[in-house]
2 protein chains.
Amino acid sequence: MNAPTPSTHLLPDVHQRAVPPALIEALKARFAERCSTALVVREQHGRDESAFATVPPPAAVVFAESTADVAFVVKLASEHRVPVIPFGVGSSLEGHLLAVQGGISIDVSRMNQVLSVNAEDLTVTVQPGVTRKQLNEEIKSTGLFFPIDPGADATLGGMSATRASGTNAVRYGTMRENVLALEVVTASGDIIRTGTRAKKSSAGYDLTRLMVGSEGTLGVITEVTVKLYPLPEAISAAICSFPSIEAAVRTTIQIIQMGIPIARVELIDANTVRMVNAYAHLTLREEPLLLMEFHGSPAGVKEQAELVQEIASEFGGNAFEWATTPEERTRLWTARHNAYFAAIQSKPGCRAISTDTCVPISRLADCLLDSVAEADASGIPYFLVGHVGDGNFHFGYLIDPDKPEERELAEGLNQALVARALRLEGTCTGEHGVGLHKMDFLVTETGAGAVDMMRSIKRALDPHNIMNPGKIFTL
Amino acid sequence: MNAPTPSTHLLPDVHQRAVPPALIEALKARFAERCSTALVVREQHGRDESAFATVPPPAAVVFAESTADVAFVVKLASEHRVPVIPFGVGSSLEGHLLAVQGGISIDVSRMNQVLSVNAEDLTVTVQPGVTRKQLNEEIKSTGLFFPIDPGADATLGGMSATRASGTNAVRYGTMRENVLALEVVTASGDIIRTGTRAKKSSAGYDLTRLMVGSEGTLGVITEVTVKLYPLPEAISAAICSFPSIEAAVRTTIQIIQMGIPIARVELIDANTVRMVNAYAHLTLREEPLLLMEFHGSPAGVKEQAELVQEIASEFGGNAFEWATTPEERTRLWTARHNAYFAAIQSKPGCRAISTDTCVPISRLADCLLDSVAEADASGIPYFLVGHVGDGNFHFGYLIDPDKPEERELAEGLNQALVARALRLEGTCTGEHGVGLHKMDFLVTETGAGAVDMMRSIKRALDPHNIMNPGKIFTL
């Protein structure tokens, strides 16, 4: 690998731990060709969608096919004090998958069975490698759906580990609200269950939610039980252009404050609309726009849509266009989900440094508009999309990874943005997680005492620091 | 106190730890008359609404008025290795407040300020002694409300600590979904914050949800930030009688499976209706009934109500009566909330041993009907109410506390019921918590490995085991 040495600022706890040959041999003995030490496989598992300079890849990749496989690897790794890093489809954005301390990547993508659909209880239990699109495809006949949609076709295991959310969260919540129970392989290689299929419970510490968002640092998720929802009787989607980002944001704020149960409300700035048009050969008006979706009974959807249209027009929203057929809606949401790829393609060879702040809805205009002004002034190309109904938005600053000055500029913008969001009582990450990128921000956000509490939990549950070490905080 | 010695089965980790006179002196020096050692005050703080045989009361009660007060007590208690037990209004049901290992009760009921209402963000931050009714009274002018309603006028601190829920949870979720952030005094007497006011976050371990439901064993909650909701434009309540419990339950199951966003759906059995009628001089039909409430726009409420009425009539539901004025609704819900007191009054001198299982909705009929048959066969008087939309229900077996054989019979019924719920993939406690009463059930439910993980967390965060020791699990 010719990767530049990462700066210690960005990767604060990088040191390669030894992986004894005996461990690799034991893995090969059990897994044969399902344990790979080929460089190309290791490199593929040593990176994610983040713009981090690469670090050396993991020493081996095990393709697990069962919970017992995972437990075997972790038990062995525990004996040898070697890190393990769970891997789904590699769509994380904050460096979660980088083997910053070496070790073994456990690829769970072959653990992709839907284990039990309990349609009458609106729950499903899956293996961690099942992706959200696969899940929705497999349960299509039940009349139910799984709403969490982070854009990428991520795995349920990875989505649980990063507390993912996305476009539907404004109505259906995030993984925090939608995971009912997990099976987890702990740092000692034991297998535990964190909950039942009951809708609510007061039975002891909420281990489910401790694991959700723990980014692989407390255990490997090997089964996920999530809530499902009846497919709405009626769905309609709309697109509305606005004279300014502010007008779009103020419309959103009012929708939320009025308690309208909108299912999706996504901001795309003019800049990004342009990129999406070029990428997908679309002809969307190149103005700030909101993509919206309404779920409910036919009457309920109509009622919501009328209210929203009224609010939007107060703020100068125009060209309210409806997409009522599934095909039109798919086209619209595909455009939204392609924003990231459209942006990347707009500057060949670039990487995106993406931000992920989330603020209370009343602070959204302040936080977003100042950040837009700052990004514009910097001259760096960027895309801007947002799950604005939740107060969550993403800038993607498009940098040439070979130009440190661009990275520095983008990181400076990111830092200013996060500082602003924290001043406005927000969080440094709405849905991507801390990973390698936001450790300092986490301390600023929650205070050293709360991070110390996290460290105490980590040390108690993973005394040899083998579970995805070097992420969230340094020990 | 002439209390009988509690059986070791029910109170497994009872041993009085020494409280050094120096500690009491230091508390008196700081708090003067706000530190009480009067027996009547101590006794009042050494019990809750559970039917447990009393244990010796705490050595002193401190009436805290600030976070600094709480931190002072905990720091001192930590130095002296003396337990502290947070106390709100004493409405817990599983023995949470009993000083089973002695120590100091920290009464937070005077910490009852609503600190900041952020109406535009639908959030409010309160001190832990604010009760749910007080909160709703104080925010009345904002057009918002706080939906969580466990029946008792509990404090927000206590409701957080036990992961409470109640009648509105079927639509609005429980404390798990509605607490955004907490301020907590840790076992070392330090003060941490567990989150921000952002609606969602992926910033590190979910300390908020680790604390929610931890029953005072990991820290003392000193501030609570919760979500609020716009008061629905329209509300209507209805009462419907059924020929059998089964018909009422099957109606509920279908309502939930169809995804109707009903706000409340409560079961009361004929037995309990009789008690409520006697207690509140009402004339409800003495048949199993569902109390329901619908929230939304006028059209939405109408639509929901029509659908539900149709389902109910399929199952023989009759006498569908509407309560549309606030006064009628209040009368109805007061009747529901008085069920507990009505039952207690029906057998003078009795105590209720209450159950709290929650099962997946498809298992509700199986779980409930077998339990009714068993209770009827036992001859023990009981009341039965349920937040059936969540699959959660409560039997209250009415026992004479001086008759061990009645307690034994009730505990036997409870055990059979919980075992049944667990077989049906449910939980031993939907909303009351584990406390002293369900430690064995917790192990059966989650497995020894998960409870060991809870213990590891407890030991890491409370190394001297001073935070409400002897609850949830033994160490």
# chains A, B, ... in the order shown; residues from 1 in each chain; ligands from 1

call {"tool": "interface_residues", "arguments": {"of": "chain A", "to": "chain B", "cutoff": "6 Å", "atoms": "only C-alpha atoms", "output": "ChimeraX atom specification"}}
result
/A:120-121,163,192,196-198,200-203,205-206,210,214,358-362,425-426,429-431,433-434,449-450,456-457,460

call {"tool": "select_by_dssp", "arguments": {"residues": "segment 148-369 of chain A", "states": "helix (DSSP H, G or I)", "output": "MDAnalysis selection string"}}
result
chainID A and resid 156:162 169:172 175:178 207:211 245:257 270:280 298:314 326:337 339:346 361:369

call {"tool": "closest_residue", "arguments": {"among": "A:Met292, A:Ala343, A:Val385, A:Val130", "to": "Ile245 of chain A", "atoms": "only C-alpha atoms"}}
result
A:Val385

call {"tool": "residues_around", "arguments": {"residues": "Gln44 of chain B", "least_positions_apart": "3", "cutoff": "10 Å", "atoms": "only C-alpha atoms", "output": "JSON, numbers by chain"}}
result
{"B": [39, 40, 41, 47, 48, 57, 58, 61, 90]}

call {"tool": "write_last_selection", "arguments": {"atoms": "N, CA and C atoms", "output": "PDB file, in the first residue's frame"}}
result
ATOM      1  N   LEU B  39     -38.437   8.745  62.510  1.00  0.00           N
ATOM      2  CA  LEU B  39     -38.872   7.424  62.080  1.00  0.00           C
ATOM      3  C   LEU B  39     -40.000   7.497  61.061  1.00  0.00           C
ATOM      4  N   VAL B  40     -40.972   8.375  61.292  1.00  0.00           N
ATOM      5  CA  VAL B  40     -42.131   8.426  60.402  1.00  0.00           C
ATOM      6  C   VAL B  40     -41.716   8.828  58.984  1.00  0.00           C
ATOM      7  N   VAL B  41     -40.764   9.740  58.885  1.00  0.00           N
ATOM      8  CA  VAL B  41     -40.272  10.173  57.571  1.00  0.00           C
ATOM      9  C   VAL B  41     -39.494   9.032  56.918  1.00  0.00           C
ATOM     10  N   ARG B  47     -40.754   2.447  51.741  1.00  0.00           N
ATOM     11  CA  ARG B  47     -41.727   1.542  51.128  1.00  0.00           C
ATOM     12  C   ARG B  47     -42.250   2.157  49.820  1.00  0.00           C
ATOM     13  N   ASP B  48     -42.970   1.352  49.076  1.00  0.00           N
ATOM     14  CA  ASP B  48     -43.626   1.859  47.861  1.00  0.00           C
ATOM     15  C   ASP B  48     -45.006   1.234  47.780  1.00  0.00           C
ATOM     16  N   PRO B  57     -36.282   0.843  57.557  1.00  0.00           N
ATOM     17  CA  PRO B  57     -36.258   2.007  56.669  1.00  0.00           C
ATOM     18  C   PRO B  57     -34.841   2.562  56.520  1.00  0.00           C
ATOM     19  N   PRO B  58     -34.653   3.496  55.567  1.00  0.00           N
ATOM     20  CA  PRO B  58     -33.331   4.115  55.429  1.00  0.00           C
ATOM     21  C   PRO B  58     -32.948   4.845  56.710  1.00  0.00           C
ATOM     22  N   VAL B  61     -33.312  10.610  55.542  1.00  0.00           N
ATOM     23  CA  VAL B  61     -33.898  11.079  54.284  1.00  0.00           C
ATOM     24  C   VAL B  61     -33.393  12.495  54.043  1.00  0.00           C
ATOM     25  N   GLY B  90     -42.977   7.857  45.449  1.00  0.00           N
ATOM     26  CA  GLY B  90     -43.225   6.562  46.093  1.00  0.00           C
ATOM     27  C   GLY B  90     -44.243   5.695  45.390  1.00  0.00           C
TER      28      GLY B  90
END

call {"tool": "residues_around", "arguments": {"residues": "Glu138 of chain A", "least_positions_apart": "5", "cutoff": "12 Å", "atoms": "only C-alpha atoms", "output": "list in words"}}
result
Asn112, Gln113, Val114, Leu115, Ser116, Val117, Val124, Val126, Val130, Thr131, Arg132, Lys133, Gly143, Leu144, Phe145 and Phe146 of chain A

call {"tool": "residues_around", "arguments": {"residues": "Asp269 of chain A", "least_positions_apart": "3", "cutoff": "12 Å", "atoms": "only C-alpha atoms", "output": "PyMOL selection string"}}
result
chain A and resi 240-249+266+272-276+284-291+336+339+368-369+372+382-386+388+393-396

call {"tool": "residues_around", "arguments": {"residues": "Gln16 of chain B", "least_positions_apart": "6", "cutoff": "12 Å", "atoms": "only C-alpha atoms", "output": "number ranges by chain"}}
result
B: 55-59, 82-83, 98-104, 469-470

call {"tool": "atom_distance", "arguments": {"atom1": "atom CA of Asn414 of chain B", "atom2": "atom CA of Lys227 of chain A"}}
result
28.5 Å

call {"tool": "select_by_dssp", "arguments": {"residues": "segment 112-284 of chain B", "states": "strand (DSSP E or B)", "output": "PyMOL selection string"}}
result
chain B and resi 114-118+123-126+131+144-145+149+155+166+179-185+191-193+220-227+229-230+234-241+264-268

call {"tool": "closest_residue", "arguments": {"among": "B:Glu43, B:Ile106, B:Cys35, B:Phe52", "to": "Pro404 of chain B", "atoms": "only C-alpha atoms"}}
result
B:Phe52

call {"tool": "closest_residue", "arguments": {"among": "B:Leu282, B:Met467, B:Ala410, B:Ala238", "to": "Ile221 of chain B", "atoms": "only C-alpha atoms"}}
result
B:Met467
